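*Asks:* Sharing a structure here in structure tokens format.
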Amino acid sequence: MSARAVSLSNTASDLVSLTKPRLSSLVLATTAGGVWLAPGELSVPRALVTMLATAGTVAAANTLNCYIERHSDRFMARTRNRPLPSGRMEPGVALWFGLSLAAVSLPALALGANLLTAGLGLLAFLSYVLVYTPLKARTSAAMLVGAVPGALPPLMGWTAVTGQVDSGGFVLFSILFLWQIPHFLAIALFRKEEYAAAGLKSVPLERGDESSRAQIVLYLVALVPMTLLPYQLHIAGAWYLVVAALLGLGFMALGAWGFFRQLGKHWARQTFFFSLLYLTGLFAALMLDSGMHV
């Protein structure tokens with residue numbers, strides 16, 4: 001392979017890494033969940049455009065987040081090797097790549113889905129880039145702001161089918177919103193020193209580990225009843241209800257264990273990984289047992 005081909009391959013790989021592919025894959029999954037669970041039908045081409053354009057919008061926001069945080073990323077082990085803080089890519093390239101992704105993805109949402117879905121996508125994009133990202137260096141409350149764009153993809157999948165925000169779509173949004181807080185808090189606990197070095201605010205840094213563990217439990221107490229509402233709304237059946245209850249009880253038990261035993265980083269890392277398994281299991285059960293698609 002020629003040096004030019006290797007260089008182009010490396011550049012392409014770096015551009016993809018700016019979009020945070022693992023996060024984008026989660027967005028694809030939750031958007032697909034919203035499309036599948038919503039009452040009504042969406043043609044395969046429109047469903048694909050909706051999912052890809054939603055993922056593209058999130059990828060654009062992630063890229064611009066990397067651009068804005070390129071200096072603080074140097075101080076965190078998990079981000080220092082990204083293309084911008086490592087010096088492999090000029091900042092201007094990332095800026096134009098992120099803006100180009102947004103310029104393609106948002107109109108695609110309007111054309112492939114509808115204006116409401118595109119509006120939600122624009123809200124997710126702007127709140128993540130212009131509100132959440134700057135706030136991270138100022139207050140731990142940024143966590144709550146960042147949970148909004150993170151919770152919008154399943155609602156966008158829902159509105160792409162229904163054309164409206166109703167109780168079913170709002171429940172999906174609320175589940176993702178509430179899930180993100182324990183997930184974020186767990187990360188902030190076991191990466192506390194990195195956050196401090198990067199100059200980013202977090203609940204453990206501002207209010208301490210005990211407050212963080214308490215908030216994990218409180219948000220889990222709010223999350224578990226919310227996950228039972230899809231059964232009440234006839235979005236999913238009894239099998240989902242059992243799975244959601246068991247997963248929720250397990251998640252709450254893990255959170256309570258850490259709170260009462262005043263556990264540290266190892267528990268926080270366990271909680272982080274369990275949160276991912278929890279969400280995967282919850283959405284898998286939702287999609288397999290969707291009452292409206294039986």
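Lettering and numbering for the structure tokens are positional, with chains as A, B, ... in the shown order, residues counted from 1 in each chain, and ligands counted from 1 in the shown order.
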From a backbone DSSP assignment, name each residue in range 68-172 of chain A labelled helix (DSSP H, G or I), as an MDAnalysis selection string.
*Replies:* chainID A and resid 68 72:75 91:112 115:135 142:162 167:172
*Asks:* Can I get the selection written as an mmCIF file, in the first residue's frame, with C-alpha atoms?
*Replies:*
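Heads up, here's the output in selection_9.cif:
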```
data_model
loop_
_atom_site.group_PDB
_atom_site.id
_atom_site.type_symbol
_atom_site.label_atom_id
_atom_site.label_comp_id
_atom_site.auth_asym_id
_atom_site.auth_seq_id
_atom_site.Cartn_x
_atom_site.Cartn_y
_atom_site.Cartn_z
ATOM 1 C CA ILE A 68 -14.239 22.371 21.499
ATOM 2 C CA SER A 72 -8.910 19.602 28.035
ATOM 3 C CA ASP A 73 -8.899 16.170 26.341
ATOM 4 C CA ARG A 74 -5.112 16.118 26.710
ATOM 5 C CA PHE A 75 -5.468 15.593 30.457
ATOM 6 C CA PRO A 91 -8.615 21.470 14.357
ATOM 7 C CA GLY A 92 -10.074 23.102 11.254
ATOM 8 C CA VAL A 93 -10.577 19.713 9.612
ATOM 9 C CA ALA A 94 -12.640 18.480 12.552
ATOM 10 C CA LEU A 95 -14.650 21.719 12.628
ATOM 11 C CA TRP A 96 -15.637 21.512 8.977
ATOM 12 C CA PHE A 97 -16.309 17.778 9.200
ATOM 13 C CA GLY A 98 -18.706 18.296 12.120
ATOM 14 C CA LEU A 99 -20.490 21.201 10.445
ATOM 15 C CA SER A 100 -20.780 19.251 7.189
ATOM 16 C CA LEU A 101 -22.306 16.257 8.962
ATOM 17 C CA ALA A 102 -24.903 18.519 10.575
ATOM 18 C CA ALA A 103 -25.615 20.283 7.275
ATOM 19 C CA VAL A 104 -26.436 16.935 5.645
ATOM 20 C CA SER A 105 -28.113 15.109 8.530
ATOM 21 C CA LEU A 106 -30.624 17.697 9.739
ATOM 22 C CA PRO A 107 -32.226 18.342 6.328
ATOM 23 C CA ALA A 108 -32.245 14.569 5.751
ATOM 24 C CA LEU A 109 -34.313 14.206 8.926
ATOM 25 C CA ALA A 110 -36.816 16.742 7.646
ATOM 26 C CA LEU A 111 -37.102 15.026 4.257
ATOM 27 C CA GLY A 112 -36.921 11.418 5.429
ATOM 28 C CA LEU A 115 -40.236 18.583 10.501
ATOM 29 C CA LEU A 116 -40.964 17.660 14.133
ATOM 30 C CA THR A 117 -38.262 14.987 14.109
ATOM 31 C CA ALA A 118 -35.831 17.381 12.426
ATOM 32 C CA GLY A 119 -36.661 19.994 15.069
ATOM 33 C CA LEU A 120 -35.897 17.510 17.839
ATOM 34 C CA GLY A 121 -32.646 16.683 16.074
ATOM 35 C CA LEU A 122 -31.751 20.365 15.919
ATOM 36 C CA LEU A 123 -32.550 20.692 19.630
ATOM 37 C CA ALA A 124 -30.286 17.722 20.416
ATOM 38 C CA PHE A 125 -27.476 19.137 18.293
ATOM 39 C CA LEU A 126 -27.586 22.688 19.646
ATOM 40 C CA SER A 127 -28.081 21.730 23.288
ATOM 41 C CA TYR A 128 -25.150 19.310 23.178
ATOM 42 C CA VAL A 129 -22.717 21.591 21.355
ATOM 43 C CA LEU A 130 -23.672 25.065 22.579
ATOM 44 C CA VAL A 131 -24.995 24.363 26.100
ATOM 45 C CA TYR A 132 -23.763 21.048 27.503
ATOM 46 C CA THR A 133 -20.181 21.194 26.207
ATOM 47 C CA PRO A 134 -19.349 24.699 27.544
ATOM 48 C CA LEU A 135 -21.154 24.013 30.848
ATOM 49 C CA ALA A 142 -24.173 20.118 32.883
ATOM 50 C CA MET A 143 -24.854 16.412 33.432
ATOM 51 C CA LEU A 144 -28.610 17.086 33.446
ATOM 52 C CA VAL A 145 -28.373 19.229 30.327
ATOM 53 C CA GLY A 146 -26.353 16.564 28.521
ATOM 54 C CA ALA A 147 -28.949 13.932 29.348
ATOM 55 C CA VAL A 148 -31.526 15.763 27.194
ATOM 56 C CA PRO A 149 -29.860 15.259 23.778
ATOM 57 C CA GLY A 150 -28.886 11.763 24.893
ATOM 58 C CA ALA A 151 -32.537 10.905 25.518
ATOM 59 C CA LEU A 152 -33.976 12.384 22.332
ATOM 60 C CA PRO A 153 -33.092 9.637 19.753
ATOM 61 C CA PRO A 154 -35.827 7.145 20.770
ATOM 62 C CA LEU A 155 -38.343 9.992 20.840
ATOM 63 C CA MET A 156 -37.160 11.014 17.367
ATOM 64 C CA GLY A 157 -37.719 7.460 16.140
ATOM 65 C CA TRP A 158 -41.208 7.601 17.638
ATOM 66 C CA THR A 159 -42.109 10.979 16.108
ATOM 67 C CA ALA A 160 -40.798 9.874 12.716
ATOM 68 C CA VAL A 161 -43.678 7.367 12.706
ATOM 69 C CA THR A 162 -46.402 9.230 14.595
ATOM 70 C CA SER A 167 -47.246 9.654 26.131
ATOM 71 C CA GLY A 168 -45.462 6.681 24.552
ATOM 72 C CA GLY A 169 -42.688 8.770 23.055
ATOM 73 C CA PHE A 170 -42.336 10.786 26.251
ATOM 74 C CA VAL A 171 -41.920 7.604 28.311
ATOM 75 C CA LEU A 172 -39.105 6.409 26.034
#
```
*Asks:* Within 12 Å of Phe184 in chain A, counting only C-alpha atoms, which residues qualify if same-chain residues fewer than 5 places away don't, as number ranges by chain?
*Replies:* A: 140-147, 150, 177-179, 189-192, 202-204, 212-213, 215-216, 219, 268-269, 271-273, 275-276
*Asks:* Could those residues be written to a file, using C-alpha atoms, as a short mmCIF file (atom, residue, chain, number, x, y, z; two decimals), in the first residue's frame?
*Replies:*
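Writing done, so here's selection_13.cif:
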```cif
data_model
loop_
_atom_site.label_atom_id
_atom_site.label_comp_id
_atom_site.auth_asym_id
_atom_site.auth_seq_id
_atom_site.Cartn_x
_atom_site.Cartn_y
_atom_site.Cartn_z
CA SER A 140 -21.84 19.64 37.46
CA ALA A 141 -25.41 20.56 36.45
CA ALA A 142 -24.17 20.12 32.88
CA MET A 143 -24.85 16.41 33.43
CA LEU A 144 -28.61 17.09 33.45
CA VAL A 145 -28.37 19.23 30.33
CA GLY A 146 -26.35 16.56 28.52
CA ALA A 147 -28.95 13.93 29.35
CA GLY A 150 -28.89 11.76 24.89
CA PHE A 177 -33.00 10.56 30.49
CA LEU A 178 -33.22 8.91 33.92
CA TRP A 179 -30.89 6.06 32.91
CA LEU A 189 -16.75 8.53 40.26
CA PHE A 190 -14.12 6.23 38.82
CA ARG A 191 -12.59 8.94 36.63
CA LYS A 192 -12.69 11.70 39.26
CA SER A 202 -18.64 16.71 38.20
CA VAL A 203 -20.86 15.79 41.13
CA PRO A 204 -18.06 13.84 42.90
CA SER A 212 -22.91 10.93 44.05
CA ARG A 213 -23.78 7.49 45.41
CA GLN A 215 -28.00 10.45 43.61
CA ILE A 216 -27.39 7.17 41.80
CA TYR A 219 -32.41 8.31 40.07
CA ALA A 268 -18.48 2.59 40.28
CA ARG A 269 -16.89 0.81 37.32
CA THR A 271 -22.15 0.11 38.00
CA PHE A 272 -21.09 1.72 34.72
CA PHE A 273 -20.80 -1.63 32.92
CA SER A 275 -25.83 0.23 33.22
CA LEU A 276 -24.89 -0.70 29.65
#
```
*Asks:* Name the residues in contact with Ala29 in chain A at a cut-off of 9 Å, using only C-alpha atoms, excluding same-chain residues fewer than 4 positions from it; report them as a list in words.
*Replies:*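 With the cut-off at 9 Å, the set is Ser24, Ser25, Gly33, Gly34, Met51, Pro154, Thr280 and Phe283 of chain A.
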*Asks:* Find the residues around range 230-245 of chain A up to 10 Å (only C-alpha atoms counted), leave out those fewer than 5 positions away in its own chain, and share them as an MDAnalysis selection string.
*Replies:* chainID A and resid 37:39 167:169 171:172 224:225 250:251 278:279 281:294
*Asks:* Keeping only N, CA, C and O atoms, take the residues you just selected and write them out as an mmCIF file, in the first residue's frame.
*Replies:*
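That gives us again-v6.cif:
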```cif
data_model
loop_
_atom_site.group_PDB
_atom_site.id
_atom_site.type_symbol
_atom_site.label_atom_id
_atom_site.label_comp_id
_atom_site.auth_asym_id
_atom_site.auth_seq_id
_atom_site.Cartn_x
_atom_site.Cartn_y
_atom_site.Cartn_z
ATOM 1 N N LEU A 37 -41.322 0.635 18.097
ATOM 2 C CA LEU A 37 -42.359 0.631 19.134
ATOM 3 C C LEU A 37 -43.537 1.551 18.824
ATOM 4 O O LEU A 37 -44.636 1.359 19.345
ATOM 5 N N ALA A 38 -43.319 2.555 17.993
ATOM 6 C CA ALA A 38 -44.370 3.541 17.725
ATOM 7 C C ALA A 38 -45.536 2.915 16.975
ATOM 8 O O ALA A 38 -45.345 2.054 16.113
ATOM 9 N N PRO A 39 -46.755 3.343 17.283
ATOM 10 C CA PRO A 39 -47.916 2.849 16.537
ATOM 11 C C PRO A 39 -47.920 3.430 15.129
ATOM 12 O O PRO A 39 -47.706 4.622 14.937
ATOM 13 N N SER A 167 -47.671 10.298 24.886
ATOM 14 C CA SER A 167 -47.246 9.654 26.131
ATOM 15 C C SER A 167 -46.228 8.551 25.885
ATOM 16 O O SER A 167 -45.258 8.404 26.649
ATOM 17 N N GLY A 168 -46.405 7.757 24.832
ATOM 18 C CA GLY A 168 -45.462 6.681 24.552
ATOM 19 C C GLY A 168 -44.074 7.194 24.253
ATOM 20 O O GLY A 168 -43.073 6.707 24.800
ATOM 21 N N GLY A 169 -43.988 8.189 23.386
ATOM 22 C CA GLY A 169 -42.688 8.770 23.055
ATOM 23 C C GLY A 169 -42.048 9.442 24.251
ATOM 24 O O GLY A 169 -40.831 9.362 24.445
ATOM 25 N N VAL A 171 -42.425 8.629 27.399
ATOM 26 C CA VAL A 171 -41.920 7.604 28.311
ATOM 27 C C VAL A 171 -40.559 7.092 27.843
ATOM 28 O O VAL A 171 -39.639 6.909 28.653
ATOM 29 N N LEU A 172 -40.405 6.849 26.556
ATOM 30 C CA LEU A 172 -39.105 6.409 26.034
ATOM 31 C C LEU A 172 -38.031 7.461 26.308
ATOM 32 O O LEU A 172 -36.913 7.131 26.717
ATOM 33 N N VAL A 224 -36.860 2.987 37.666
ATOM 34 C CA VAL A 224 -37.509 1.667 37.599
ATOM 35 C C VAL A 224 -39.023 1.772 37.386
ATOM 36 O O VAL A 224 -39.561 1.083 36.500
ATOM 37 N N PRO A 225 -39.756 2.609 38.121
ATOM 38 C CA PRO A 225 -41.196 2.731 37.819
ATOM 39 C C PRO A 225 -41.454 3.243 36.400
ATOM 40 O O PRO A 225 -42.437 2.835 35.769
ATOM 41 N N GLY A 250 -32.302 -5.469 40.123
ATOM 42 C CA GLY A 250 -30.864 -5.728 40.149
ATOM 43 C C GLY A 250 -30.050 -4.450 40.138
ATOM 44 O O GLY A 250 -29.062 -4.319 40.884
ATOM 45 N N PHE A 251 -30.472 -3.485 39.322
ATOM 46 C CA PHE A 251 -29.774 -2.207 39.231
ATOM 47 C C PHE A 251 -29.885 -1.451 40.560
ATOM 48 O O PHE A 251 -28.901 -0.892 41.065
ATOM 49 N N TYR A 278 -27.867 -3.261 31.343
ATOM 50 C CA TYR A 278 -29.258 -2.979 31.719
ATOM 51 C C TYR A 278 -30.028 -2.377 30.552
ATOM 52 O O TYR A 278 -31.117 -2.844 30.203
ATOM 53 N N LEU A 279 -29.469 -1.333 29.943
ATOM 54 C CA LEU A 279 -30.170 -0.661 28.852
ATOM 55 C C LEU A 279 -30.332 -1.587 27.654
ATOM 56 O O LEU A 279 -31.383 -1.603 27.010
ATOM 57 N N GLY A 281 -30.535 -4.896 27.705
ATOM 58 C CA GLY A 281 -31.573 -5.867 28.033
ATOM 59 C C GLY A 281 -32.957 -5.270 28.016
ATOM 60 O O GLY A 281 -33.923 -5.900 27.540
ATOM 61 N N LEU A 282 -33.085 -4.041 28.514
ATOM 62 C CA LEU A 282 -34.385 -3.382 28.579
ATOM 63 C C LEU A 282 -34.945 -3.144 27.180
ATOM 64 O O LEU A 282 -36.104 -3.466 26.898
ATOM 65 N N PHE A 283 -34.122 -2.601 26.286
ATOM 66 C CA PHE A 283 -34.602 -2.301 24.931
ATOM 67 C C PHE A 283 -34.807 -3.568 24.119
ATOM 68 O O PHE A 283 -35.714 -3.633 23.274
ATOM 69 N N ALA A 284 -33.982 -4.588 24.368
ATOM 70 C CA ALA A 284 -34.200 -5.863 23.681
ATOM 71 C C ALA A 284 -35.549 -6.447 24.068
ATOM 72 O O ALA A 284 -36.318 -6.922 23.212
ATOM 73 N N ALA A 285 -35.873 -6.398 25.366
ATOM 74 C CA ALA A 285 -37.165 -6.908 25.831
ATOM 75 C C ALA A 285 -38.318 -6.080 25.275
ATOM 76 O O ALA A 285 -39.362 -6.626 24.882
ATOM 77 N N LEU A 286 -38.128 -4.762 25.225
ATOM 78 C CA LEU A 286 -39.164 -3.887 24.669
ATOM 79 C C LEU A 286 -39.478 -4.241 23.225
ATOM 80 O O LEU A 286 -40.632 -4.374 22.834
ATOM 81 N N MET A 287 -38.431 -4.385 22.429
ATOM 82 C CA MET A 287 -38.620 -4.616 20.998
ATOM 83 C C MET A 287 -39.132 -6.018 20.711
ATOM 84 O O MET A 287 -39.896 -6.230 19.761
ATOM 85 N N LEU A 288 -38.753 -6.995 21.537
ATOM 86 C CA LEU A 288 -39.210 -8.365 21.324
ATOM 87 C C LEU A 288 -40.648 -8.566 21.786
ATOM 88 O O LEU A 288 -41.366 -9.420 21.267
ATOM 89 N N ASP A 289 -41.066 -7.764 22.756
ATOM 90 C CA ASP A 289 -42.385 -7.968 23.353
ATOM 91 C C ASP A 289 -43.287 -6.754 23.133
ATOM 92 O O ASP A 289 -44.124 -6.436 23.967
ATOM 93 N N SER A 290 -43.077 -6.075 22.048
ATOM 94 C CA SER A 290 -43.872 -4.884 21.766
ATOM 95 C C SER A 290 -45.327 -5.267 21.463
ATOM 96 O O SER A 290 -45.632 -5.949 20.502
ATOM 97 N N GLY A 291 -46.197 -4.807 22.351
ATOM 98 C CA GLY A 291 -47.599 -5.173 22.211
ATOM 99 C C GLY A 291 -48.246 -4.656 20.931
ATOM 100 O O GLY A 291 -49.189 -5.251 20.414
ATOM 101 N N MET A 292 -47.728 -3.543 20.384
ATOM 102 C CA MET A 292 -48.349 -2.948 19.211
ATOM 103 C C MET A 292 -47.893 -3.592 17.913
ATOM 104 O O MET A 292 -48.361 -3.235 16.841
ATOM 105 N N HIS A 293 -46.904 -4.492 18.019
ATOM 106 C CA HIS A 293 -46.391 -5.112 16.790
ATOM 107 C C HIS A 293 -46.567 -6.627 16.809
ATOM 108 O O HIS A 293 -45.922 -7.333 16.081
ATOM 109 N N VAL A 294 -47.403 -7.094 17.736
ATOM 110 C CA VAL A 294 -47.664 -8.543 17.822
ATOM 111 C C VAL A 294 -48.727 -8.921 16.816
ATOM 112 O O VAL A 294 -49.729 -8.241 16.685
#
```
*Asks:* Interatomic distance between CA of Thr50 in chain A and CA of Thr227 in chain A?
*Replies:*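 Taking CA of Thr50 in chain A and CA of Thr227 in chain A, their separation equals 24.5 Å.
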*Asks:* What does the distance between CA of Ala256 in chain A and CA of Lys136 in chain A come to in Å, to one decimal place?
*Replies:*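 A separation of 27.2 Å between them.
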